[in-house]
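For reference, run08.cif is printed below; it contains mmCIF, C-alpha atoms.
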data_model
loop_
_atom_site.group_PDB
_atom_site.id
_atom_site.type_symbol
_atom_site.label_atom_id
_atom_site.label_comp_id
_atom_site.auth_asym_id
_atom_site.auth_seq_id
_atom_site.Cartn_x
_atom_site.Cartn_y
_atom_site.Cartn_z
ATOM 1 C CA MET A 1 -2.979 10.358 -14.498
ATOM 2 C CA LYS A 2 -3.333 11.881 -11.069
ATOM 3 C CA ALA A 3 -1.114 11.067 -8.108
ATOM 4 C CA PHE A 4 -1.265 12.025 -4.439
ATOM 5 C CA TYR A 5 1.827 12.920 -2.421
ATOM 6 C CA THR A 6 2.421 13.472 1.286
ATOM 7 C CA ASP A 7 6.181 13.958 1.581
ATOM 8 C CA GLN A 8 5.714 17.603 2.613
ATOM 9 C CA PHE A 9 4.217 16.339 5.887
ATOM 10 C CA VAL A 10 7.479 15.611 7.633
ATOM 11 C CA LEU A 11 7.820 12.757 10.091
ATOM 12 C CA PRO A 12 10.827 13.636 12.291
ATOM 13 C CA LEU A 13 13.109 10.616 12.652
ATOM 14 C CA PRO A 14 16.681 10.136 13.847
ATOM 15 C CA PRO A 15 19.224 10.096 10.971
ATOM 16 C CA ASP A 16 20.032 6.428 11.591
ATOM 17 C CA HIS A 17 16.399 5.256 11.591
ATOM 18 C CA ARG A 18 15.808 2.184 9.450
ATOM 19 C CA PHE A 19 12.724 3.614 7.726
ATOM 20 C CA PRO A 20 13.823 5.558 4.614
ATOM 21 C CA MET A 21 11.540 8.615 4.654
ATOM 22 C CA ARG A 22 13.592 10.174 1.839
ATOM 23 C CA LYS A 23 12.146 7.688 -0.646
ATOM 24 C CA TYR A 24 8.875 9.654 -0.791
ATOM 25 C CA SER A 25 10.333 13.008 -1.785
ATOM 26 C CA LEU A 26 12.796 11.304 -4.127
ATOM 27 C CA LEU A 27 9.980 9.398 -5.838
ATOM 28 C CA ARG A 28 7.983 12.579 -6.375
ATOM 29 C CA GLU A 29 11.081 14.199 -7.904
ATOM 30 C CA ARG A 30 11.594 11.221 -10.237
ATOM 31 C CA VAL A 31 7.939 11.180 -11.276
ATOM 32 C CA LEU A 32 8.116 14.865 -12.224
ATOM 33 C CA GLU A 33 11.497 14.529 -13.968
ATOM 34 C CA ALA A 34 10.185 11.641 -16.051
ATOM 35 C CA GLY A 35 7.001 13.517 -16.964
ATOM 36 C CA VAL A 36 4.875 10.564 -15.873
ATOM 37 C CA VAL A 37 2.498 12.836 -13.969
ATOM 38 C CA ALA A 38 1.938 16.483 -14.876
ATOM 39 C CA PRO A 39 2.653 18.979 -12.071
ATOM 40 C CA ASP A 40 -1.009 20.019 -11.967
ATOM 41 C CA ASP A 41 -2.009 16.375 -11.478
ATOM 42 C CA LEU A 42 0.162 15.948 -8.373
ATOM 43 C CA LEU A 43 -2.290 16.505 -5.542
ATOM 44 C CA ILE A 44 -2.057 16.975 -1.789
ATOM 45 C CA PRO A 45 -4.677 14.714 -0.190
ATOM 46 C CA ASP A 46 -7.165 15.727 2.427
ATOM 47 C CA ALA A 47 -6.547 14.233 5.843
ATOM 48 C CA ALA A 48 -8.690 11.191 6.611
ATOM 49 C CA SER A 49 -11.437 12.183 9.034
ATOM 50 C CA ASP A 50 -12.239 10.505 12.334
ATOM 51 C CA GLU A 51 -15.392 9.109 10.733
ATOM 52 C CA GLN A 52 -13.397 7.504 7.928
ATOM 53 C CA ILE A 53 -10.720 6.108 10.255
ATOM 54 C CA LEU A 54 -13.286 4.679 12.659
ATOM 55 C CA ARG A 55 -14.696 2.395 9.963
ATOM 56 C CA ALA A 56 -11.455 0.426 10.325
ATOM 57 C CA HIS A 57 -10.062 1.348 13.748
ATOM 58 C CA ASP A 58 -11.078 1.279 17.394
ATOM 59 C CA GLY A 59 -12.164 4.616 18.864
ATOM 60 C CA ALA A 60 -9.972 4.337 21.956
ATOM 61 C CA TYR A 61 -6.901 3.652 19.792
ATOM 62 C CA LEU A 62 -7.651 6.638 17.555
ATOM 63 C CA GLU A 63 -7.997 8.850 20.632
ATOM 64 C CA ARG A 64 -4.620 7.718 22.002
ATOM 65 C CA VAL A 65 -2.990 8.478 18.648
ATOM 66 C CA LYS A 66 -4.613 11.918 18.441
ATOM 67 C CA THR A 67 -3.764 12.947 21.995
ATOM 68 C CA GLY A 68 -0.272 11.489 22.188
ATOM 69 C CA THR A 69 -1.228 9.090 24.976
ATOM 70 C CA LEU A 70 0.028 5.897 23.338
ATOM 71 C CA THR A 71 1.975 3.766 25.771
ATOM 72 C CA ALA A 72 5.728 3.291 25.375
ATOM 73 C CA ALA A 73 5.053 -0.281 24.264
ATOM 74 C CA GLU A 74 2.590 0.914 21.599
ATOM 75 C CA ILE A 75 5.112 3.421 20.277
ATOM 76 C CA ARG A 76 7.832 0.767 20.108
ATOM 77 C CA ARG A 77 5.474 -1.505 18.200
ATOM 78 C CA ILE A 78 4.765 1.230 15.645
ATOM 79 C CA GLY A 79 8.465 2.014 15.319
ATOM 80 C CA PHE A 80 8.103 5.806 15.137
ATOM 81 C CA PRO A 81 8.186 8.326 17.987
ATOM 82 C CA TRP A 82 4.855 10.071 18.514
ATOM 83 C CA SER A 83 4.535 13.635 17.273
ATOM 84 C CA PRO A 84 1.762 15.842 15.873
ATOM 85 C CA GLY A 85 3.505 15.414 12.515
ATOM 86 C CA MET A 86 3.180 11.628 12.788
ATOM 87 C CA VAL A 87 -0.575 11.979 13.313
ATOM 88 C CA GLU A 88 -1.036 14.433 10.452
ATOM 89 C CA ARG A 89 1.071 12.437 8.032
ATOM 90 C CA SER A 90 -0.761 9.221 8.886
ATOM 91 C CA ARG A 91 -4.106 10.914 8.278
ATOM 92 C CA ARG A 92 -2.898 12.378 4.967
ATOM 93 C CA SER A 93 -1.463 9.056 3.799
ATOM 94 C CA SER A 94 -4.860 7.428 4.353
ATOM 95 C CA GLY A 95 -6.509 10.404 2.658
ATOM 96 C CA GLY A 96 -4.236 9.844 -0.336
ATOM 97 C CA THR A 97 -5.499 6.295 -0.740
ATOM 98 C CA ILE A 98 -9.107 7.454 -0.392
ATOM 99 C CA GLY A 99 -8.460 10.050 -3.103
ATOM 100 C CA ALA A 100 -6.712 7.508 -5.317
ATOM 101 C CA CYS A 101 -9.710 5.181 -5.056
ATOM 102 C CA ARG A 102 -12.202 7.929 -5.907
ATOM 103 C CA PHE A 103 -10.317 9.044 -9.010
ATOM 104 C CA ALA A 104 -9.413 5.503 -10.094
ATOM 105 C CA LEU A 105 -13.092 4.629 -10.340
ATOM 106 C CA VAL A 106 -13.382 7.357 -12.992
ATOM 107 C CA GLU A 107 -9.947 7.393 -14.629
ATOM 108 C CA GLY A 108 -8.909 3.730 -14.435
ATOM 109 C CA ALA A 109 -5.778 4.096 -12.323
ATOM 110 C CA VAL A 110 -4.490 6.613 -9.791
ATOM 111 C CA VAL A 111 -1.459 6.422 -7.510
ATOM 112 C CA ASN A 112 -0.812 7.365 -3.905
ATOM 113 C CA LEU A 113 2.949 7.972 -3.710
ATOM 114 C CA ALA A 114 2.752 6.743 -0.110
ATOM 115 C CA GLY A 115 0.297 4.398 1.632
ATOM 116 C CA GLY A 116 0.260 0.649 2.000
ATOM 117 C CA THR A 117 0.334 0.762 5.809
ATOM 118 C CA HIS A 118 -0.948 -2.785 6.106
ATOM 119 C CA HIS A 119 0.453 -3.717 9.536
ATOM 120 C CA ALA A 120 -1.897 -1.367 11.392
ATOM 121 C CA HIS A 121 -4.576 -3.405 13.195
ATOM 122 C CA ARG A 122 -7.935 -2.253 14.467
ATOM 123 C CA ASP A 123 -6.661 -1.289 17.914
ATOM 124 C CA TYR A 124 -2.902 -0.919 17.508
ATOM 125 C CA GLY A 125 -0.243 0.142 15.055
ATOM 126 C CA ALA A 126 2.826 -1.883 14.105
ATOM 127 C CA GLY A 127 5.689 -2.106 11.645
ATOM 128 C CA TYR A 128 5.832 1.610 10.764
ATOM 129 C CA CYS A 129 2.039 1.670 10.253
ATOM 130 C CA VAL A 130 -0.326 3.854 12.311
ATOM 131 C CA PHE A 131 -3.612 3.725 10.354
ATOM 132 C CA ASN A 132 -4.503 1.061 7.808
ATOM 133 C CA ASP A 133 -5.065 3.167 4.700
ATOM 134 C CA THR A 134 -6.310 0.349 2.454
ATOM 135 C CA ALA A 135 -8.998 -0.818 4.886
ATOM 136 C CA ILE A 136 -10.012 2.801 5.546
ATOM 137 C CA ALA A 137 -10.202 3.595 1.817
ATOM 138 C CA ALA A 138 -12.071 0.409 0.859
ATOM 139 C CA ARG A 139 -14.746 1.086 3.447
ATOM 140 C CA ALA A 140 -14.905 4.753 2.472
ATOM 141 C CA MET A 141 -15.713 3.765 -1.115
ATOM 142 C CA GLN A 142 -18.488 1.493 0.136
ATOM 143 C CA ALA A 143 -19.884 4.131 2.492
ATOM 144 C CA GLU A 144 -19.908 6.689 -0.337
ATOM 145 C CA GLY A 145 -21.718 4.260 -2.641
ATOM 146 C CA ARG A 146 -18.853 4.235 -5.137
ATOM 147 C CA ALA A 147 -17.974 0.531 -4.894
ATOM 148 C CA ARG A 148 -19.899 -2.458 -3.603
ATOM 149 C CA ARG A 149 -17.047 -4.966 -3.497
ATOM 150 C CA VAL A 150 -13.281 -4.323 -3.288
ATOM 151 C CA ILE A 151 -10.219 -6.523 -3.698
ATOM 152 C CA ILE A 152 -6.909 -5.719 -1.994
ATOM 153 C CA LEU A 153 -3.948 -7.158 -3.915
ATOM 154 C CA ASP A 154 -1.010 -7.008 -1.514
ATOM 155 C CA CYS A 155 2.365 -7.658 -3.157
ATOM 156 C CA ASP A 156 4.521 -6.219 -0.395
ATOM 157 C CA VAL A 157 7.102 -8.738 0.849
ATOM 158 C CA HIS A 158 5.482 -8.713 4.300
ATOM 159 C CA GLN A 159 2.023 -10.116 4.927
ATOM 160 C CA GLY A 160 -0.808 -7.607 5.185
ATOM 161 C CA ASP A 161 -1.685 -8.888 8.641
ATOM 162 C CA GLY A 162 -3.454 -5.764 9.854
ATOM 163 C CA THR A 163 -5.584 -5.609 6.723
ATOM 164 C CA ALA A 164 -6.507 -9.287 7.006
ATOM 165 C CA SER A 165 -7.360 -8.900 10.688
ATOM 166 C CA ILE A 166 -9.479 -5.762 10.301
ATOM 167 C CA LEU A 167 -11.410 -7.188 7.354
ATOM 168 C CA ALA A 168 -11.787 -10.751 8.650
ATOM 169 C CA GLY A 169 -15.359 -11.912 8.174
ATOM 170 C CA ASP A 170 -16.166 -9.088 5.733
ATOM 171 C CA SER A 171 -17.096 -10.901 2.526
ATOM 172 C CA SER A 172 -17.440 -7.620 0.619
ATOM 173 C CA ILE A 173 -13.653 -6.915 0.706
ATOM 174 C CA PHE A 174 -11.336 -9.678 -0.522
ATOM 175 C CA THR A 175 -7.803 -9.740 0.898
ATOM 176 C CA PHE A 176 -4.964 -11.328 -1.103
ATOM 177 C CA SER A 177 -1.359 -11.347 0.131
ATOM 178 C CA ILE A 178 1.798 -12.856 -1.408
ATOM 179 C CA HIS A 179 4.707 -12.599 1.022
ATOM 180 C CA GLY A 180 7.747 -14.168 2.630
ATOM 181 C CA ALA A 181 6.781 -17.055 4.894
ATOM 182 C CA LYS A 182 9.534 -16.422 7.446
ATOM 183 C CA ASN A 183 9.500 -12.641 7.329
ATOM 184 C CA PHE A 184 7.753 -10.079 9.542
ATOM 185 C CA PRO A 185 5.101 -10.352 10.930
ATOM 186 C CA PHE A 186 6.143 -13.582 12.579
ATOM 187 C CA HIS A 187 2.570 -14.374 13.656
ATOM 188 C CA LYS A 188 0.527 -14.157 10.457
ATOM 189 C CA ALA A 189 -3.156 -13.311 10.199
ATOM 190 C CA ILE A 190 -5.406 -15.152 7.745
ATOM 191 C CA SER A 191 -6.212 -13.350 4.500
ATOM 192 C CA ASP A 192 -8.907 -14.585 2.140
ATOM 193 C CA LEU A 193 -5.989 -15.943 0.087
ATOM 194 C CA ASP A 194 -2.369 -16.090 1.253
ATOM 195 C CA ILE A 195 0.648 -17.258 -0.733
ATOM 196 C CA GLU A 196 3.756 -17.820 1.397
ATOM 197 C CA LEU A 197 7.191 -17.812 -0.227
ATOM 198 C CA ASP A 198 10.481 -19.355 0.814
ATOM 199 C CA ASP A 199 13.496 -17.127 1.418
ATOM 200 C CA GLY A 200 15.400 -16.564 -1.809
ATOM 201 C CA THR A 201 12.395 -16.927 -4.134
ATOM 202 C CA GLY A 202 13.286 -15.357 -7.483
ATOM 203 C CA ASP A 203 11.512 -13.920 -10.507
ATOM 204 C CA SER A 204 10.281 -17.055 -12.254
ATOM 205 C CA GLU A 205 8.759 -18.840 -9.267
ATOM 206 C CA TYR A 206 7.329 -15.626 -7.830
ATOM 207 C CA LEU A 207 5.608 -14.608 -11.057
ATOM 208 C CA SER A 208 4.161 -18.067 -11.619
ATOM 209 C CA LEU A 209 2.685 -18.224 -8.111
ATOM 210 C CA LEU A 210 1.461 -14.630 -8.324
ATOM 211 C CA GLU A 211 -0.346 -15.206 -11.612
ATOM 212 C CA GLU A 212 -2.081 -18.315 -10.339
ATOM 213 C CA GLY A 213 -3.028 -16.727 -7.007
ATOM 214 C CA ALA A 214 -4.141 -13.354 -8.352
ATOM 215 C CA GLN A 215 -6.307 -14.988 -11.022
ATOM 216 C CA ARG A 216 -7.986 -17.072 -8.347
ATOM 217 C CA ALA A 217 -8.439 -14.074 -6.042
ATOM 218 C CA LEU A 218 -9.975 -11.920 -8.761
ATOM 219 C CA ALA A 219 -12.376 -14.676 -9.744
ATOM 220 C CA LEU A 220 -13.504 -15.114 -6.139
ATOM 221 C CA ALA A 221 -13.726 -11.407 -5.337
ATOM 222 C CA SER A 222 -16.214 -10.210 -7.997
ATOM 223 C CA ALA A 223 -14.908 -6.750 -7.192
ATOM 224 C CA ASP A 224 -15.703 -3.267 -8.495
ATOM 225 C CA LEU A 225 -12.323 -1.807 -7.469
ATOM 226 C CA ALA A 226 -8.793 -3.081 -6.820
ATOM 227 C CA ILE A 227 -6.314 -1.567 -4.382
ATOM 228 C CA TYR A 228 -2.797 -2.697 -5.297
ATOM 229 C CA LEU A 229 0.050 -2.608 -2.754
ATOM 230 C CA ALA A 230 3.121 -2.456 -4.998
ATOM 231 C CA GLY A 231 5.856 -2.963 -2.407
ATOM 232 C CA ALA A 232 9.436 -2.468 -3.575
ATOM 233 C CA ASP A 233 10.728 -4.813 -0.872
ATOM 234 C CA PRO A 234 10.657 -8.176 -2.735
ATOM 235 C CA TYR A 235 13.742 -6.708 -4.481
ATOM 236 C CA GLU A 236 16.970 -8.704 -4.184
ATOM 237 C CA GLY A 237 18.773 -5.639 -2.792
ATOM 238 C CA ASP A 238 16.261 -4.982 -0.016
ATOM 239 C CA ARG A 239 17.644 -5.052 3.540
ATOM 240 C CA LEU A 240 14.455 -6.550 4.995
ATOM 241 C CA GLY A 241 12.978 -8.483 2.082
ATOM 242 C CA ARG A 242 14.718 -11.904 1.960
ATOM 243 C CA LEU A 243 13.437 -12.539 -1.601
ATOM 244 C CA LYS A 244 15.452 -12.274 -4.827
ATOM 245 C CA LEU A 245 13.343 -10.428 -7.376
ATOM 246 C CA THR A 246 15.198 -8.282 -9.889
ATOM 247 C CA MET A 247 13.998 -4.862 -11.006
ATOM 248 C CA ALA A 248 12.905 -6.491 -14.258
ATOM 249 C CA GLY A 249 10.997 -9.107 -12.299
ATOM 250 C CA LEU A 250 9.232 -6.425 -10.273
ATOM 251 C CA GLU A 251 8.259 -4.649 -13.478
ATOM 252 C CA GLN A 252 6.804 -7.936 -14.755
ATOM 253 C CA ARG A 253 4.914 -8.268 -11.460
ATOM 254 C CA ASP A 254 3.303 -4.861 -11.988
ATOM 255 C CA ARG A 255 2.448 -5.654 -15.618
ATOM 256 C CA LEU A 256 0.867 -8.903 -14.530
ATOM 257 C CA ILE A 257 -1.338 -7.197 -11.937
ATOM 258 C CA PHE A 258 -2.446 -4.486 -14.359
ATOM 259 C CA ASP A 259 -3.070 -6.999 -17.151
ATOM 260 C CA LEU A 260 -5.233 -9.156 -14.882
ATOM 261 C CA CYS A 261 -7.170 -6.130 -13.629
ATOM 262 C CA ARG A 262 -7.743 -5.040 -17.233
ATOM 263 C CA ARG A 263 -9.074 -8.497 -18.023
ATOM 264 C CA TRP A 264 -11.591 -8.093 -15.193
ATOM 265 C CA GLY A 265 -12.398 -4.471 -16.101
ATOM 266 C CA LEU A 266 -11.192 -3.221 -12.733
ATOM 267 C CA PRO A 267 -10.057 0.304 -11.878
ATOM 268 C CA VAL A 268 -6.889 0.223 -9.761
ATOM 269 C CA ALA A 269 -5.774 2.465 -6.903
ATOM 270 C CA VAL A 270 -2.041 1.933 -6.409
ATOM 271 C CA VAL A 271 -0.136 2.478 -3.152
ATOM 272 C CA MET A 272 3.607 2.154 -2.669
ATOM 273 C CA ALA A 273 3.928 0.098 0.553
ATOM 274 C CA GLY A 274 7.435 -0.931 1.687
ATOM 275 C CA GLY A 275 10.925 -0.555 0.296
ATOM 276 C CA TYR A 276 14.178 -0.727 2.284
ATOM 277 C CA ALA A 277 16.957 -1.199 -0.260
ATOM 278 C CA ARG A 278 20.493 -0.236 0.699
ATOM 279 C CA ARG A 279 20.292 2.479 -1.958
ATOM 280 C CA VAL A 280 17.189 4.617 -1.615
ATOM 281 C CA GLU A 281 17.598 5.422 -5.317
ATOM 282 C CA ASP A 282 16.767 1.775 -6.068
ATOM 283 C CA VAL A 283 13.542 2.034 -4.086
ATOM 284 C CA ALA A 284 12.547 5.158 -6.015
ATOM 285 C CA ALA A 285 13.415 3.460 -9.328
ATOM 286 C CA ILE A 286 11.231 0.442 -8.516
ATOM 287 C CA HIS A 287 8.311 2.637 -7.477
ATOM 288 C CA LEU A 288 8.754 4.785 -10.595
ATOM 289 C CA GLN A 289 8.357 1.660 -12.748
ATOM 290 C CA THR A 290 5.033 1.043 -11.026
ATOM 291 C CA VAL A 291 3.861 4.618 -11.534
ATOM 292 C CA ARG A 292 4.780 4.469 -15.251
ATOM 293 C CA LEU A 293 2.726 1.310 -15.724
ATOM 294 C CA ALA A 294 -0.185 2.754 -13.771
ATOM 295 C CA ALA A 295 -0.151 5.801 -16.061
ATOM 296 C CA ALA A 296 -0.170 3.534 -19.116
ATOM 297 C CA TYR A 297 -3.113 1.636 -17.633
ATOM 298 C CA ALA A 298 -4.998 4.904 -17.040
ATOM 299 C CA ASN A 299 -4.260 6.098 -20.582
ATOM 300 C CA GLY A 300 -5.785 2.895 -21.973
ATOM 301 C CA TRP A 301 -8.872 3.174 -19.786
ATOM 302 C CA VAL A 302 -10.651 5.789 -21.911
#
Hey, can you dump this file as structure tokens for me?
Amino acid sequence: MKAFYTDQFVLPLPPDHRFPMRKYSLLRERVLEAGVVAPDDLLIPDAASDEQILRAHDGAYLERVKTGTLTAAEIRRIGFPWSPGMVERSRRSSGGTIGACRFALVEGAVVNLAGGTHHAHRDYGAGYCVFNDTAIAARAMQAEGRARRVIILDCDVHQGDGTASILAGDSSIFTFSIHGAKNFPFHKAISDLDIELDDGTGDSEYLSLLEEGAQRALALASADLAIYLAGADPYEGDRLGRLKLTMAGLEQRDRLIFDLCRRWGLPVAVVMAGGYARRVEDVAAIHLQTVRLAAAYANGWV
């Protein structure tokens, strides 16, 4: 199985910043150590082009990002200081999801070891998200004639509000989000199907609601491709998650998604989305579980 990585594109952050950038390089190390992806199959993505980004984002917003003319309020909302590295990394992260979608359509499953920037709206960024890689990639696949209909299965602990907002009214891309009801963002958008969870929801209730919701979403979507946001932040040890899933429960979540996609004959592009555990090693371990299962899915595709 192929995987895309962007951790070499450094985003300079203060040492005490809440966003754990180290998880990306650590995950790539773990993937290589475990032999889940061969070194030659770890790929650096192309940067998403203006044309690709503009299928999901406003031109004036893109120009402010490119030229470093975001307002102070816009930068605070994103949560990262502006830098040329921030722009390049955001483009490459979106390019990784585009690449994952292209290869998944042939190989069954491919992983972007970053991505899942689902809080980026059409004309602003938010919540550590500059460009919305899943919306950009879904529309790229349609523009390239590779997929007619796409489903986005968002299992990050936070609602995919930017994705839902950008794709509102677009019946060709189905948005599904299962997330904490009282967690960020505090003003939710409306996905095609939302499942809101109480604080403290654990493995059993989560998996039951996920299975019911994902089955319904897949039936309604009639998709050619799935993009799966496999957030590590529903984990009980996550600083921002407020749910109580165990590592075993998160592995069952991934199995459930892959099993349902297999039932529907869907190729799956997987992105990592959020993860803010007190131990960054836990975040990498959760993501590695997902990558292992994606590789098994790809191996069973042919």
Target residues per the PyMOL selection byres ((chain A and resi 201) around 10), formatted as a list in words:
Gly180, Leu197, Asp198, Asp199, Gly200, Gly202, Asp203, Ser204, Glu205, Tyr206, Leu207, Pro234, Glu236, Arg242, Leu243, Lys244 and Leu245 of chain A
Quick one: residues within 12 Å of A:His187, all atoms listed in the file counted, chain neighbours fewer than 2 positions away excluded, as an MDAnalysis selection string?
chainID A and resid 119 158:162 165 181:185 189:190
Output check: residues returned by the PyMOL selection byres ((chain A and resi 251) around 12), as a VMD selection string
chain A and resid 203 207 230 to 232 234 to 235 245 to 250 252 to 258 285 to 294
Residues returned when the PyMOL selection byres ((chain A and resi 24) around 8) runs on this file, as a PDB file with C-alpha atoms, keeping the file's coordinate frame:
ATOM      1  CA  TYR A   5       1.827  12.920  -2.421  1.00  0.00           C
ATOM      2  CA  THR A   6       2.421  13.472   1.286  1.00  0.00           C
ATOM      3  CA  ASP A   7       6.181  13.958   1.581  1.00  0.00           C
ATOM      4  CA  MET A  21      11.540   8.615   4.654  1.00  0.00           C
ATOM      5  CA  ARG A  22      13.592  10.174   1.839  1.00  0.00           C
ATOM      6  CA  LYS A  23      12.146   7.688  -0.646  1.00  0.00           C
ATOM      7  CA  SER A  25      10.333  13.008  -1.785  1.00  0.00           C
ATOM      8  CA  LEU A  26      12.796  11.304  -4.127  1.00  0.00           C
ATOM      9  CA  LEU A  27       9.980   9.398  -5.838  1.00  0.00           C
ATOM     10  CA  ARG A  28       7.983  12.579  -6.375  1.00  0.00           C
ATOM     11  CA  LEU A 113       2.949   7.972  -3.710  1.00  0.00           C
ATOM     12  CA  ALA A 114       2.752   6.743  -0.110  1.00  0.00           C
ATOM     13  CA  ALA A 284      12.547   5.158  -6.015  1.00  0.00           C
TER      14      ALA A 284
END
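Among the candidates A:Ser177, A:Ser191, A:Asn299, A:Ser93, the residue lying nearest to A:Val36 is A:Asn299 (atoms considered: only C-alpha atoms).
Residue neighbourhood of A:Ala48, excluding near-sequence residues (fewer than 6 positions): Arg91, Arg92, Ser94, Gly95 and Ile98 of chain A, at 8 Å, using only C-alpha atoms.
Among the candidates A:Asp170, A:Pro12, A:His57, A:Phe4, the one nearest to A:Pro39 when counting all atoms listed in the file is A:Phe4.
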Name the residues in contact with stretch 75-86 of chain A at a cut-off of 7 Å, using only C-alpha atoms, excluding same-chain residues fewer than 3 positions from it; report them as a PyMOL selection string.
chain A and resi 9-11+68+70-72+89-90+125-130
Could those residues be written to a file, using C-alpha atoms, as a PDB file, in the coordinates of the input?
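So the final result, stored in out.pdb, reads:
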ATOM      1  CA  PHE A   9       4.217  16.339   5.887  1.00  0.00           C
ATOM      2  CA  VAL A  10       7.479  15.611   7.633  1.00  0.00           C
ATOM      3  CA  LEU A  11       7.820  12.757  10.091  1.00  0.00           C
ATOM      4  CA  GLY A  68      -0.272  11.489  22.188  1.00  0.00           C
ATOM      5  CA  LEU A  70       0.028   5.897  23.338  1.00  0.00           C
ATOM      6  CA  THR A  71       1.975   3.766  25.771  1.00  0.00           C
ATOM      7  CA  ALA A  72       5.728   3.291  25.375  1.00  0.00           C
ATOM      8  CA  ARG A  89       1.071  12.437   8.032  1.00  0.00           C
ATOM      9  CA  SER A  90      -0.761   9.221   8.886  1.00  0.00           C
ATOM     10  CA  GLY A 125      -0.243   0.142  15.055  1.00  0.00           C
ATOM     11  CA  ALA A 126       2.826  -1.883  14.105  1.00  0.00           C
ATOM     12  CA  GLY A 127       5.689  -2.106  11.645  1.00  0.00           C
ATOM     13  CA  TYR A 128       5.832   1.610  10.764  1.00  0.00           C
ATOM     14  CA  CYS A 129       2.039   1.670  10.253  1.00  0.00           C
ATOM     15  CA  VAL A 130      -0.326   3.854  12.311  1.00  0.00           C
TER      16      VAL A 130
END
Which one of A:Arg55, A:Arg64, A:Lys2, A:Lys188 sits closest to A:Phe103 if you count all atoms listed in the file?
A:Lys2
Separation of atom CA of A:Gly275 and atom CA of A:Asp238, in Å?
6.9 Å
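Going from atom CA of A:Arg278 over to atom CA of A:Cys155, you cover 20.0 Å.
Residues in contact range of A:Glu212, defined as at most 12 Å between all atoms listed in the file, with sequence neighbours fewer than 2 positions away removed, read Phe176, Ile178, Leu193, Asp194, Ile195, Glu205, Tyr206, Leu207, Ser208, Leu209, Leu210, Ala214, Gln215, Arg216, Ala217, Leu218, Ala219, Leu256, Ile257 and Leu260 of chain A.
One finds atom CA of A:His118 at 8.9 Å from atom CA of A:Leu229.
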Mind listing whatever residues come within 7 Å of the point (-12.3, -9.7, -2.5)? Use all atoms listed in the file, file coordinates, and give them as a PDB file with C-alpha atoms, in the frame of the given file.
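Final output, part-v1.pdb:
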ATOM      1  CA  ARG A 149     -17.047  -4.966  -3.497  1.00  0.00           C
ATOM      2  CA  VAL A 150     -13.281  -4.323  -3.288  1.00  0.00           C
ATOM      3  CA  ILE A 151     -10.219  -6.523  -3.698  1.00  0.00           C
ATOM      4  CA  ILE A 152      -6.909  -5.719  -1.994  1.00  0.00           C
ATOM      5  CA  SER A 172     -17.440  -7.620   0.619  1.00  0.00           C
ATOM      6  CA  ILE A 173     -13.653  -6.915   0.706  1.00  0.00           C
ATOM      7  CA  PHE A 174     -11.336  -9.678  -0.522  1.00  0.00           C
ATOM      8  CA  THR A 175      -7.803  -9.740   0.898  1.00  0.00           C
ATOM      9  CA  ALA A 217      -8.439 -14.074  -6.042  1.00  0.00           C
ATOM     10  CA  LEU A 220     -13.504 -15.114  -6.139  1.00  0.00           C
ATOM     11  CA  ALA A 221     -13.726 -11.407  -5.337  1.00  0.00           C
ATOM     12  CA  SER A 222     -16.214 -10.210  -7.997  1.00  0.00           C
ATOM     13  CA  ALA A 223     -14.908  -6.750  -7.192  1.00  0.00           C
TER      14      ALA A 223
END
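Around the point (-6.4, 15.0, -7.2), within 7 Å and counting all atoms listed in the file, we find these residues: Lys2, Ala3, Phe4, Asp41, Leu42, Leu43 and Gly99 of chain A.
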Dump of stretch 263-271 of chain A from preceding block, N, CA and C atoms, as a compact mmCIF listing (two decimals), in the first residue's frame:
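Contents of selection_13.txt, freshly written:
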# COMPACT_ATOMS: atom_id res chain seq x y z
N ARG A 263 -18.22 -3.97 1.95
CA ARG A 263 -19.56 -4.45 1.61
C ARG A 263 -20.13 -3.66 0.43
N TRP A 264 -19.81 -2.37 0.37
CA TRP A 264 -20.30 -1.52 -0.70
C TRP A 264 -19.35 -1.44 -1.88
N GLY A 265 -18.23 -2.17 -1.82
CA GLY A 265 -17.26 -2.18 -2.92
C GLY A 265 -16.56 -0.86 -3.11
N LEU A 266 -16.32 -0.13 -2.01
CA LEU A 266 -15.78 1.22 -2.12
C LEU A 266 -14.28 1.27 -1.86
N PRO A 267 -13.51 1.89 -2.75
CA PRO A 267 -12.13 2.25 -2.41
C PRO A 267 -12.14 3.33 -1.34
N VAL A 268 -11.09 3.34 -0.50
CA VAL A 268 -11.04 4.25 0.64
C VAL A 268 -9.72 5.01 0.67
N ALA A 269 -9.82 6.33 0.67
CA ALA A 269 -8.67 7.20 0.94
C ALA A 269 -8.75 7.59 2.41
N VAL A 270 -7.69 7.33 3.16
CA VAL A 270 -7.70 7.53 4.61
C VAL A 270 -6.83 8.73 4.96
N VAL A 271 -7.36 9.62 5.80
CA VAL A 271 -6.59 10.75 6.32
C VAL A 271 -6.62 10.70 7.84
